[in-house]
>>> print(open('work20.cif').read())   # mmCIF, C-alpha atoms
data_protein
loop_
_atom_site.label_atom_id
_atom_site.label_comp_id
_atom_site.auth_asym_id
_atom_site.auth_seq_id
_atom_site.Cartn_x
_atom_site.Cartn_y
_atom_site.Cartn_z
CA MET A 249 28.98 15.55 18.42
CA MET A 250 29.69 18.16 21.02
CA ASN A 251 27.20 16.57 23.34
CA ASP A 252 28.81 13.17 22.85
CA ILE A 253 32.20 14.52 23.75
CA ARG A 254 30.75 16.20 26.79
CA MET A 255 28.99 12.99 27.77
CA VAL A 256 32.18 11.03 27.44
CA ASP A 257 34.00 13.68 29.43
CA ASP A 258 31.37 13.48 32.11
CA LEU A 259 31.64 9.73 32.28
CA GLU A 260 35.41 9.82 32.25
CA SER A 261 35.54 12.35 35.05
CA LEU A 262 33.06 10.26 36.95
CA PHE A 263 35.16 7.19 36.35
CA ARG A 264 38.35 8.83 37.54
CA ALA A 265 36.64 10.23 40.61
CA HIS A 266 34.87 7.12 41.85
CA HIS A 267 36.37 4.04 40.22
CA GLY A 268 39.32 3.50 42.54
CA ARG A 269 37.40 4.13 45.71
CA LEU A 270 34.58 1.85 44.62
CA VAL A 271 36.98 -0.93 43.75
CA ARG A 272 38.66 -0.64 47.13
CA ALA A 273 35.32 -0.75 48.94
CA LEU A 274 34.16 -3.83 47.09
CA THR A 275 37.52 -5.43 47.63
CA VAL A 276 36.99 -5.07 51.34
CA ALA A 277 33.47 -6.43 50.98
CA CYS A 278 34.30 -9.51 48.92
CA GLY A 279 37.94 -10.04 49.78
CA ASN A 280 39.05 -10.36 46.16
CA GLU A 281 40.39 -7.39 44.27
CA GLN A 282 39.97 -9.00 40.83
CA ILE A 283 36.32 -9.76 41.37
CA ALA A 284 35.74 -6.28 42.73
CA ALA A 285 37.53 -4.59 39.83
CA ASP A 286 35.64 -6.68 37.29
CA ALA A 287 32.29 -5.94 38.91
CA VAL A 288 32.98 -2.22 38.94
CA GLN A 289 34.18 -2.21 35.36
CA VAL A 290 31.09 -4.06 34.14
CA ALA A 291 28.98 -1.50 35.95
CA PHE A 292 30.79 1.34 34.18
CA VAL A 293 30.34 -0.42 30.82
CA LYS A 294 26.62 -0.62 31.39
CA ALA A 295 26.60 3.00 32.43
CA HIS A 296 28.46 3.93 29.26
CA LEU A 297 25.93 2.13 27.08
CA LYS A 298 23.00 3.76 28.87
CA TRP A 299 24.64 7.02 29.72
CA ARG A 300 22.01 9.19 28.00
CA SER A 301 19.40 8.06 30.47
CA ILE A 302 21.65 7.52 33.46
CA MET A 303 23.10 11.00 33.28
CA SER A 304 19.65 12.38 34.01
CA TYR A 305 19.42 10.46 37.27
CA ASP A 306 19.78 12.30 40.55
CA ASP A 307 22.70 10.10 41.55
CA PRO A 308 24.40 8.39 38.62
CA VAL A 309 27.23 7.21 40.85
CA GLY A 310 24.71 5.55 43.12
CA TRP A 311 23.32 3.65 40.15
CA ILE A 312 26.79 2.52 39.17
CA ARG A 313 27.55 1.51 42.73
CA ARG A 314 24.39 -0.58 43.03
CA VAL A 315 25.06 -2.27 39.70
CA ALA A 316 28.59 -3.05 40.79
CA ILE A 317 27.37 -4.58 44.04
CA ASN A 318 24.83 -6.68 42.14
CA ASN A 319 27.55 -7.86 39.78
CA MET A 320 29.67 -8.83 42.73
CA ARG A 321 26.78 -10.75 44.28
CA ASP A 322 26.14 -12.53 40.99
CA GLU A 323 29.74 -13.53 40.80
CA HIS A 324 29.60 -14.78 44.36
CA ARG A 325 26.51 -16.87 43.52
CA ARG A 326 28.23 -18.31 40.48
CA GLU A 327 31.23 -19.28 42.52
CA SER A 328 29.04 -20.83 45.18
CA ARG A 329 27.15 -22.93 42.62
CA LYS A 330 30.37 -24.02 41.03
CA GLN A 331 31.76 -25.01 44.38
CA ARG A 332 28.63 -26.98 45.24
CA VAL A 333 28.84 -28.89 41.97
CA VAL A 334 32.47 -29.68 42.58
CA ASP A 335 31.69 -30.89 46.09
CA ARG A 336 28.79 -33.02 44.84
CA LEU A 337 30.93 -34.70 42.21
CA GLY A 338 33.62 -35.37 44.76
CA ALA A 339 36.22 -34.09 42.37
CA GLU A 340 39.55 -32.89 43.49
CA PRO A 341 39.61 -29.14 43.61
CA GLU A 342 41.63 -27.49 40.94
CA ALA A 343 45.11 -26.56 41.81
CA GLN A 344 44.85 -22.93 42.65
CA VAL A 345 47.43 -20.30 42.82
CA GLN A 346 48.39 -19.79 46.39
CA ALA A 347 46.14 -17.08 47.66
CA PRO A 348 47.87 -14.22 49.38
CA GLN A 349 47.96 -14.62 53.06
CA LEU A 350 45.15 -12.65 54.57
CA ASP A 351 46.12 -10.40 57.34
CA GLU A 352 44.35 -10.38 60.63
CA VAL A 353 41.75 -7.79 59.71
CA ALA A 354 40.91 -9.49 56.43
CA ALA A 355 40.46 -12.84 58.14
CA MET A 356 38.13 -11.36 60.69
CA LEU A 357 36.25 -9.46 58.01
CA ALA A 358 35.72 -12.62 56.03
CA GLY A 359 33.89 -14.08 59.00
CA LEU A 360 31.34 -11.32 59.12
CA PRO A 361 27.94 -11.57 57.43
CA ARG A 362 27.78 -10.12 53.96
CA GLN A 363 25.53 -7.19 54.86
CA GLN A 364 27.87 -6.20 57.68
CA ARG A 365 30.87 -6.37 55.36
CA LEU A 366 29.13 -4.26 52.78
CA SER A 367 28.00 -1.73 55.35
CA LEU A 368 31.48 -1.42 56.80
CA ALA A 369 33.08 -1.17 53.36
CA LEU A 370 30.70 1.46 52.04
CA PHE A 371 30.79 3.51 55.22
CA TYR A 372 34.50 3.36 56.07
CA VAL A 373 36.16 2.85 52.69
CA ASP A 374 33.84 4.48 50.17
CA GLY A 375 33.03 7.28 52.59
CA LEU A 376 29.26 7.13 52.29
CA SER A 377 26.94 8.38 54.99
CA VAL A 378 24.52 6.12 56.79
CA ALA A 379 21.68 7.34 54.59
CA GLU A 380 23.66 6.77 51.37
CA THR A 381 24.72 3.34 52.56
CA ALA A 382 21.11 2.50 53.34
CA ALA A 383 19.98 3.71 49.93
CA THR A 384 22.70 1.75 48.18
CA LEU A 385 21.95 -1.47 49.98
CA GLY A 386 18.21 -0.97 49.85
CA ILE A 387 17.77 -1.23 53.59
CA SER A 388 16.78 1.20 56.29
CA GLU A 389 19.17 3.50 58.06
CA GLY A 390 18.48 1.67 61.31
CA ALA A 391 19.55 -1.55 59.73
CA VAL A 392 22.74 0.10 58.48
CA LYS A 393 23.48 1.40 61.97
CA PHE A 394 22.86 -2.06 63.39
CA HIS A 395 25.24 -3.64 60.88
CA LEU A 396 27.89 -1.00 61.53
CA HIS A 397 27.59 -1.46 65.28
CA GLN A 398 27.72 -5.23 65.09
CA GLY A 399 30.60 -5.27 62.66
CA ARG A 400 32.69 -2.78 64.57
CA SER A 401 32.07 -4.56 67.86
CA THR A 402 33.14 -7.85 66.34
CA LEU A 403 36.29 -6.43 64.83
CA ARG A 404 37.17 -4.52 67.97
CA GLY A 405 36.63 -7.50 70.20
CA GLN A 406 38.77 -9.80 68.09
CA LEU A 407 41.53 -7.37 67.45
CA GLY A 408 41.75 -6.36 71.09
CA GLU A 409 43.95 -3.46 71.48
CA GLY A 410 44.74 -3.47 67.79
CA VAL A 411 41.59 -1.58 67.05
CA HIS A 412 40.88 1.26 69.36
CA HIS A 413 37.87 3.31 69.61
CA GLU A 414 38.51 6.94 68.94
CA MET B 200 30.47 13.28 63.03
CA ASN B 201 28.37 10.43 64.10
CA ASP B 202 28.66 7.60 66.49
CA PHE B 203 30.36 5.32 64.01
CA ASP B 204 33.40 7.39 63.23
CA ASP B 205 36.40 5.20 63.91
CA SER B 206 39.61 6.43 62.35
CA VAL B 207 41.61 3.35 63.32
CA LEU B 208 39.09 0.98 61.79
CA ARG B 209 38.85 3.23 58.77
CA ASP B 210 42.59 3.10 58.26
CA GLN B 211 42.62 -0.66 58.70
CA LEU B 212 39.88 -1.20 56.17
CA GLN B 213 41.32 1.24 53.65
CA ARG B 214 44.63 -0.48 53.90
CA LEU B 215 42.85 -3.76 53.32
CA GLY B 216 41.30 -2.31 50.18
CA GLY B 217 44.71 -1.92 48.65
CA HIS B 218 46.05 0.81 46.51
CA GLY B 219 43.38 0.54 43.95
CA PRO B 220 43.78 -0.14 40.24
CA ASP B 221 45.64 1.99 37.77
CA GLU B 222 43.07 4.54 36.66
CA ALA B 223 44.46 5.11 33.16
CA GLY B 224 44.79 1.41 32.44
CA ALA B 225 41.40 0.74 33.90
CA TYR B 226 39.86 3.41 31.70
CA LEU B 227 41.46 1.97 28.58
CA ALA B 228 40.16 -1.46 29.51
CA LEU B 229 36.76 0.09 30.03
CA GLN B 230 36.80 1.62 26.54
CA GLN B 231 37.74 -1.70 25.01
CA ARG B 232 34.91 -3.48 26.78
CA VAL B 233 32.50 -0.74 25.72
CA GLY B 234 33.58 -1.24 22.10
CA VAL B 235 33.06 -4.99 22.33
CA ALA B 236 29.66 -4.48 23.92
CA LYS B 237 28.61 -2.01 21.23
CA ARG B 238 29.66 -4.36 18.44
CA ARG B 239 27.83 -7.22 20.11
CA ARG B 240 24.73 -5.14 20.50
CA ALA B 241 24.87 -3.98 16.88
CA ALA B 242 25.25 -7.57 15.72
CA ALA B 243 22.25 -8.56 17.82
CA VAL B 244 20.19 -5.73 16.37
CA VAL B 245 21.15 -6.62 12.80
CA GLY B 246 20.51 -10.29 13.41
CA GLY B 247 17.15 -9.61 14.99
CA LEU B 248 16.21 -7.35 12.12
CA GLY B 249 17.22 -10.00 9.61
CA VAL B 250 15.21 -12.67 11.39
CA THR B 251 12.23 -10.33 11.54
CA LEU B 252 12.47 -9.62 7.83
CA MET B 253 12.76 -13.30 7.03
CA ILE B 254 9.70 -14.09 9.09
CA GLY B 255 7.86 -11.23 7.45
CA PHE B 256 8.72 -12.38 3.95
CA ALA B 257 7.82 -15.95 4.79
CA ALA B 258 4.49 -14.87 6.23
CA ALA B 259 3.80 -12.72 3.19
CA ALA B 260 4.68 -15.49 0.77
CA TYR B 261 2.65 -18.09 2.57
CA GLN B 262 -0.88 -18.61 1.34
CA PRO B 263 -3.00 -21.19 3.02
CA PRO B 264 -4.47 -23.66 0.53
CA SER B 265 -7.98 -23.03 1.74
CA SER B 266 -7.84 -19.38 0.78
CA SER B 267 -7.12 -20.01 -2.89
CA ARG B 268 -10.15 -19.53 -5.05
CA LEU B 269 -10.80 -19.20 -8.70
CA VAL B 270 -11.55 -15.80 -10.03
CA PRO B 271 -13.07 -15.37 -13.44
CA ALA B 272 -10.62 -13.89 -15.84
CA ASN B 273 -13.05 -11.37 -17.18
CA GLY B 274 -14.17 -10.15 -13.82
CA GLY B 275 -16.87 -12.73 -13.57
CA GLY B 276 -19.68 -10.40 -12.90
CA ASN B 277 -23.26 -11.33 -13.48
CA ASP B 278 -23.79 -8.05 -15.14
CA ALA B 279 -23.39 -9.53 -18.58
CA VAL B 280 -26.53 -8.64 -20.43
CA VAL B 281 -27.48 -10.88 -23.25
CA THR B 282 -30.32 -9.91 -25.45
CA LEU B 283 -32.04 -12.74 -27.14
CA PRO B 284 -34.25 -12.54 -30.13
CA THR B 285 -37.91 -12.45 -29.43
CA THR B 286 -38.67 -15.06 -32.00
CA VAL B 287 -36.53 -17.96 -32.80
CA GLY B 288 -36.82 -19.49 -36.14
CA ASN B 289 -37.23 -23.15 -36.82
CA ALA B 290 -34.43 -25.53 -37.20
CA ASP B 291 -33.93 -24.96 -40.85
CA THR B 292 -33.68 -21.26 -40.76
CA THR B 293 -32.31 -20.59 -37.39
CA SER B 294 -29.47 -18.19 -37.55
CA SER B 295 -27.71 -16.40 -34.89
CA SER B 296 -29.53 -13.15 -34.79
CA THR B 297 -28.67 -12.71 -31.21
CA VAL B 298 -27.48 -9.36 -30.05
CA ILE B 299 -24.98 -9.70 -27.33
CA SER B 300 -24.44 -6.43 -25.68
CA THR B 301 -21.64 -7.71 -23.54
CA PRO B 302 -19.40 -10.08 -25.38
CA THR B 303 -17.95 -11.63 -22.32
CA ILE B 304 -20.27 -13.98 -20.62
CA ASN B 305 -20.03 -15.32 -17.16
CA GLY B 306 -16.85 -17.28 -16.79
CA ASN B 307 -18.66 -20.08 -15.02
CA THR B 308 -20.73 -20.86 -18.02
CA ASP B 309 -18.65 -23.65 -19.34
CA ASN B 310 -18.15 -25.28 -16.02
CA ASN B 311 -21.67 -25.30 -14.77
CA GLY B 312 -23.14 -27.20 -17.62
CA ASN B 313 -21.82 -30.52 -16.56
CA THR B 314 -22.81 -30.27 -12.98
CA ASN B 315 -26.23 -28.77 -13.37
CA SER B 316 -27.43 -30.69 -16.35
CA ASP B 317 -29.44 -33.12 -14.29
CA ASN B 318 -31.09 -30.56 -12.13
CA ALA B 319 -34.77 -30.07 -12.08
CA ASN B 320 -36.35 -27.51 -14.30
CA ASN B 321 -36.43 -23.99 -13.12
CA PRO B 322 -39.02 -22.02 -14.93
CA GLY B 323 -38.20 -18.97 -12.95
CA ASN B 324 -35.24 -18.27 -15.10
CA SER B 325 -37.11 -18.46 -18.29
CA ASN B 326 -36.72 -14.83 -19.17
CA PRO B 327 -33.59 -14.76 -21.17
CA SER B 328 -33.90 -11.30 -22.49
CA THR B 329 -32.58 -9.67 -19.39
CA SER B 330 -30.64 -12.31 -17.60
CA ALA B 331 -27.16 -13.52 -18.10
CA PRO B 332 -26.74 -17.02 -19.36
CA GLN B 333 -27.75 -19.17 -16.49
CA THR B 334 -26.25 -22.35 -17.65
CA GLY B 335 -27.39 -24.27 -14.66
CA THR B 336 -30.98 -23.71 -15.58
CA ASP B 337 -30.68 -23.54 -19.30
CA SER B 338 -29.16 -26.93 -19.55
CA THR B 339 -31.78 -28.58 -17.45
CA THR B 340 -33.47 -31.45 -19.05
CA PRO B 341 -36.08 -33.78 -17.79
CA THR B 342 -35.17 -37.17 -16.57
CA PRO B 343 -35.71 -39.96 -18.96
CA ILE B 344 -39.39 -40.70 -19.06
CA ASP B 345 -41.15 -43.23 -21.11
CA VAL B 346 -43.34 -41.14 -23.22
CA PRO B 347 -46.52 -42.52 -24.62
CA ALA B 348 -46.99 -42.13 -28.26
CA THR B 349 -48.33 -38.97 -29.74
CA THR B 350 -47.50 -37.08 -26.64
CA ALA B 351 -45.40 -34.00 -27.02
CA HIS B 352 -43.06 -33.09 -24.23
CA THR B 353 -42.02 -29.55 -23.73
CA VAL B 354 -39.11 -28.81 -21.57
CA PRO B 355 -39.73 -25.58 -19.73
CA HIS B 356 -37.47 -23.13 -21.39
CA GLY B 357 -37.49 -19.55 -22.28
CA HIS B 358 -37.28 -20.30 -25.94
CA ALA B 359 -39.29 -23.39 -26.09
CA THR B 360 -40.53 -23.70 -29.57
CA THR B 361 -43.68 -25.43 -30.32
CA SER B 362 -43.02 -29.05 -30.62
CA ALA B 363 -44.27 -30.69 -33.64
CA PRO B 364 -46.88 -33.33 -33.14
CA ALA B 365 -45.92 -36.80 -33.91
CA THR B 366 -48.10 -37.08 -36.90
CA THR B 367 -46.58 -34.15 -38.65
CA THR B 368 -43.16 -35.48 -38.69
CA ALA B 369 -42.16 -37.10 -41.85
CA PRO B 370 -40.76 -40.53 -41.28
CA THR B 371 -37.30 -41.47 -42.22
CA VAL B 372 -36.21 -37.96 -42.64
CA PRO B 373 -32.48 -37.68 -42.61
CA ALA B 374 -30.68 -35.58 -40.22
CA THR B 375 -31.56 -32.00 -40.12
CA THR B 376 -28.83 -29.58 -39.60
CA SER B 377 -29.93 -26.61 -37.73
CA THR B 378 -27.78 -23.74 -38.73
CA GLU B 379 -25.37 -22.79 -41.34
CA PRO B 380 -22.69 -20.52 -40.04
CA SER B 381 -22.09 -17.67 -42.33
CA THR B 382 -18.74 -16.73 -40.96
CA SER B 383 -17.29 -19.78 -39.37
CA SER B 384 -13.99 -18.32 -38.40
CA SER B 385 -14.90 -14.85 -37.31
CA VAL B 386 -18.15 -15.46 -35.49
CA PRO B 387 -17.99 -15.71 -31.74
CA THR B 388 -18.50 -19.07 -30.13
CA ASN B 389 -21.38 -17.97 -27.99
CA PHE B 390 -24.21 -18.69 -30.36
CA ILE B 391 -27.76 -18.66 -29.21
CA GLU B 392 -29.85 -20.74 -31.50
CA ASP B 393 -32.31 -23.61 -31.68
CA ALA B 394 -32.20 -26.71 -33.79
CA SER B 395 -34.64 -29.52 -34.43
CA ALA B 396 -34.16 -33.04 -35.61
CA SER B 397 -36.66 -35.63 -36.54
CA SER B 398 -36.63 -39.26 -37.33
CA SER B 399 -39.10 -42.05 -37.77
CA GLY B 400 -39.34 -42.34 -34.02
CA GLY B 401 -39.82 -38.74 -33.03
CA THR B 402 -38.82 -35.15 -33.12
CA ALA B 403 -36.74 -33.09 -30.75
CA THR B 404 -35.66 -29.50 -30.44
CA ALA B 405 -32.55 -28.32 -28.63
CA HIS B 406 -31.29 -24.93 -27.66
CA LEU B 407 -27.75 -23.63 -27.69
CA GLN B 408 -26.81 -20.78 -25.47
CA GLY B 409 -23.54 -19.90 -23.84
CA GLY B 410 -21.86 -22.96 -25.25
CA VAL B 411 -24.36 -25.25 -23.55
CA VAL B 412 -26.81 -27.46 -25.37
CA SER B 413 -30.14 -27.96 -23.64
CA LEU B 414 -33.16 -29.91 -24.65
CA VAL B 415 -36.24 -27.82 -25.34
CA SER B 416 -38.80 -30.39 -26.30
CA TYR B 417 -39.18 -33.79 -27.78
CA SER B 418 -42.03 -35.93 -28.99
CA ALA B 419 -42.44 -39.47 -30.15
CA THR B 420 -44.33 -40.68 -33.12
CA ALA B 421 -46.96 -43.33 -32.94
CA ASP B 422 -45.80 -46.66 -31.69
CA HIS B 423 -42.55 -45.19 -30.49
CA ASP B 424 -41.23 -44.15 -27.15
CA CYS B 425 -38.56 -41.49 -26.76
CA ILE B 426 -36.19 -41.17 -23.85
CA VAL B 427 -33.44 -38.75 -23.11
CA GLU B 428 -30.29 -40.81 -23.06
CA ARG B 429 -27.58 -38.31 -22.59
CA THR B 430 -27.59 -34.77 -21.38
CA LEU B 431 -24.19 -33.23 -21.23
CA SER B 432 -23.27 -29.64 -21.51
CA ASP B 433 -22.27 -29.96 -25.12
CA ARG B 434 -24.53 -32.70 -26.40
CA VAL B 435 -27.98 -34.19 -25.98
CA ARG B 436 -29.18 -37.51 -27.31
CA ILE B 437 -32.77 -38.61 -27.64
CA THR B 438 -33.41 -42.25 -28.41
CA CYS B 439 -36.70 -43.30 -29.86
CA ARG B 440 -37.54 -46.98 -29.84
CA PRO B 441 -40.58 -48.77 -31.19
CA THR B 442 -43.04 -50.02 -28.67
CA LEU B 443 -43.65 -53.66 -28.09
CA LEU B 444 -46.58 -53.66 -30.42
CA ASN B 445 -44.56 -52.10 -33.17
CA THR B 446 -42.50 -54.78 -34.77
CA VAL B 447 -41.42 -53.00 -37.89
CA GLY B 448 -40.11 -49.72 -36.56
CA ASN B 449 -36.48 -48.80 -36.16
CA THR B 450 -34.63 -47.33 -33.29
CA SER B 451 -33.48 -43.82 -33.99
CA HIS B 452 -31.21 -41.38 -32.26
CA LEU B 453 -31.51 -37.60 -32.30
CA ASP B 454 -28.17 -36.10 -31.41
CA PHE B 455 -27.56 -32.43 -30.70
CA SER B 456 -24.04 -31.24 -30.27
CA ILE B 457 -21.83 -28.24 -30.83
CA GLY B 458 -19.98 -28.28 -34.11
CA LEU B 459 -16.48 -27.16 -34.75
CA ASP B 460 -17.72 -23.80 -35.85
CA GLY B 461 -19.60 -23.33 -32.64
CA HIS B 462 -23.06 -23.81 -34.06
CA LEU B 463 -25.60 -26.28 -32.88
CA VAL B 464 -25.62 -29.43 -34.97
CA ALA B 465 -28.52 -31.86 -35.03
CA VAL B 466 -28.03 -35.35 -36.38
CA SER B 467 -30.58 -38.11 -36.75
CA THR B 468 -29.52 -41.72 -37.16
CA GLU B 469 -31.56 -44.83 -37.70
CA THR B 470 -30.51 -48.29 -36.69
#
>>> encode(input="work20.cif", output="structure tokens")
Amino acid sequence: MMNDIRMVDDLESLFRAHHGRLVRALTVACGNEQIAADAVQVAFVKAHLKWRSIMSYDDPVGWIRRVAINNMRDEHRRESRKQRVVDRLGAEPEAQVQAPQLDEVAAMLAGLPRQQRLSLALFYVDGLSVAETAATLGISEGAVKFHLHQGRSTLRGQLGEGVHHE
Amino acid sequence: MNDFDDSVLRDQLQRLGGHGPDEAGAYLALQQRVGVAKRRRAAAVVGGLGVTLMIGFAAAAYQPPSSSRLVPANGGGNDAVVTLPTTVGNADTTSSSTVISTPTINGNTDNNGNTNSDNANNPGNSNPSTSAPQTGTDSTTPTPIDVPATTAHTVPHGHATTSAPATTTAPTVPATTSTEPSTSSSVPTNFIEDASASSSGGTATAHLQGGVVSLVSYSATADHDCIVERTLSDRVRITCRPTLLNTVGNTSHLDFSIGLDGHLVAVSTET
């Protein structure tokens, strides 16, 4: 019983420490806060159900982060399939709630490749190092540096003087 | 610090990420989803267990038809030892002096008589003192053969009594009953006894053992031919007909069957 309470406390403290930052990073990566929040919450639910084994990992937060990213990718695939079916049927798209107007940075970010968006989000928003970003995305550090360089160059070039190098 | 530190871009992206969700509300929502997931998982476990139990019970209750086999009720072993008397009296005095050391005889006794009654003789099983009732061999009888007159036929049998010659048989002798049960109601049904019957056409001797009647020997009188007409597990019939040269003789039947009291009954009829 005591161990259970401690486990829940550990998970709760972990949740309060990383949940908001992870949601913000995935929001930057996917451009939709609802999808990002749902993906992160599903990842924490899975972590809660498997917490006895996950708590013994070297980096439980890294596991949760990877699961959240996978959930977000799955959701993106589902949306893509749904959109393809709708296009194939030639149906009128459903009346959607007017999406909030993306600002300039968000519009430019949406045009970047997915790996670059993820690299930028994890590095600049979630505060991970290059090595942690590489481990999370399952790619090499060189690839992460390449994505960061390409993404920053694109954003800087399009924003002009809006984005200044330090 | 590394080459990618860019405070302006960091601020832009963090602003794009928004303020973030309400932590307390998000944690409550997380607990609710965890509860739903736990209930769903418990239901799946219980359902899977129930399906497994159902499959297990069904598999245990299922018996393929090919695997069913009859098992003798008494254990069916061939270890039943039946001791037969060393000398068997004649038909008039035959009584069941058999000593059965094991009262239960092979459960297949009653069933084998019908199927093995037409088999060839098997003299190898002619030692009844130590063997269980081998109904398949005890009930063997020869195939109907036209027997020339004055020829005695002896069916190979462990208790084959000497067959009477044709000339010694008194003609037109009525039926001869073999045994007289002393205790008709209390005696066991597994009598071991011999009985003889004679008529104007011939004489025959039958043997009863294990509820099966088997022909021991038969012989025809002069100018008569005897054939075995019926060999079932519980009855034997010998028919004796006059030969072509015999124009005055009668056809006679020597029937051996099991009476209601379990004893061997011999009946002779003339037509």
>>> resolve_selection(input="work20.cif", expression="the PyMOL selection byres ((chain A and resi 297-299) around 12)", output="PyMOL selection string")
(chain A and resi 251-252+254-260+262+290-296+300-305+308-309+311-312) or (chain B and resi 229-230+232-241)
>>> closest_atom_pairs(input="work20.cif", of="chain A", to="chain B", cutoff="6 Å", atoms="only C-alpha atoms", output="Markdown table")
| residue | atom | partner | partner_atom | distance |
| --- | --- | --- | --- | --- |
| A:Gly268 | CA | B:Gly219 | CA | 5.2 |
| A:Arg272 | CA | B:Gly216 | CA | 4.4 |
| A:Thr275 | CA | B:Gly216 | CA | 5.5 |
| A:Val276 | CA | B:Gly216 | CA | 5.2 |
| A:Val293 | CA | B:Val233 | CA | 5.5 |
| A:Tyr372 | CA | B:Arg209 | CA | 5.1 |
| A:Val373 | CA | B:Gln213 | CA | 5.5 |
| A:Glu414 | CA | B:Asp205 | CA | 5.7 |
>>> resolve_selection(input="work20.cif", expression="the PyMOL selection byres ((chain A and resi 287) around 8)", output="ChimeraX atom specification")
/A:283-286,288-291,316-317,319-320
>>> closest_residue(input="work20.cif", among="B:Met253, B:Cys439, B:Ala396, B:Ile426", to="Asp454 of chain B", atoms="all atoms listed in the file")
B:Ala396
>>> closest_residue(input="work20.cif", among="B:Thr251, B:Thr420, B:Ser456, B:Ser451", to="His406 of chain B", atoms="all atoms listed in the file")
B:Ser456
>>> residues_near_point(input="work20.cif", point="(-36.8, -38.7, -30.2)", cutoff="7 Å", atoms="only C-alpha atoms", output="ChimeraX atom specification")
/B:400-403,417-419,425-426,437-439,452-453
>>> atom_distance(input="work20.cif", atom1="atom CA of Leu366 of chain A", atom2="atom CA of Val333 of chain A")
26.9 Å
>>> atom_distance(input="work20.cif", atom1="atom CA of Ser388 of chain A", atom2="atom CA of Leu376 of chain A")
14.4 Å
>>> residues_around(input="work20.cif", residues="Ala277 of chain A", least_positions_apart="6", cutoff="8 Å", atoms="only C-alpha atoms", output="list in words")
Arg362, Arg365, Leu366, Leu368 and Ala369 of chain A
>>> atom_distance(input="work20.cif", atom1="atom CA of Thr384 of chain A", atom2="atom CA of Arg314 of chain A")
5.9 Å
>>> resolve_selection(input="work20.cif", expression="the PyMOL selection byres ((chain B and resi 408-411) around 6)", output="PDB file with C-alpha atoms, in the frame of the given file")
ATOM      1  CA  ASN B 389     -21.380 -17.970 -27.990  1.00  0.00           C
ATOM      2  CA  PHE B 390     -24.210 -18.690 -30.360  1.00  0.00           C
ATOM      3  CA  ILE B 391     -27.760 -18.660 -29.210  1.00  0.00           C
ATOM      4  CA  LEU B 407     -27.750 -23.630 -27.690  1.00  0.00           C
ATOM      5  CA  VAL B 412     -26.810 -27.460 -25.370  1.00  0.00           C
ATOM      6  CA  SER B 432     -23.270 -29.640 -21.510  1.00  0.00           C
ATOM      7  CA  ASP B 433     -22.270 -29.960 -25.120  1.00  0.00           C
TER       8      ASP B 433
END
>>> closest_residue(input="work20.cif", among="B:Glu392, B:Ser467, B:Arg434, B:His462", to="Thr450 of chain B", atoms="only C-alpha atoms")
B:Ser467
>>> residues_near_point(input="work20.cif", point="(-32.9, -29.8, -24.1)", cutoff="6 Å", atoms="all atoms listed in the file", output="NGL selection string")
:B and (340 or 405 or 413-415)
>>> closest_residue(input="work20.cif", among="A:His324, A:Arg264, A:Arg313, A:Arg336", to="Leu370 of chain A", atoms="all atoms listed in the file")
A:Arg313
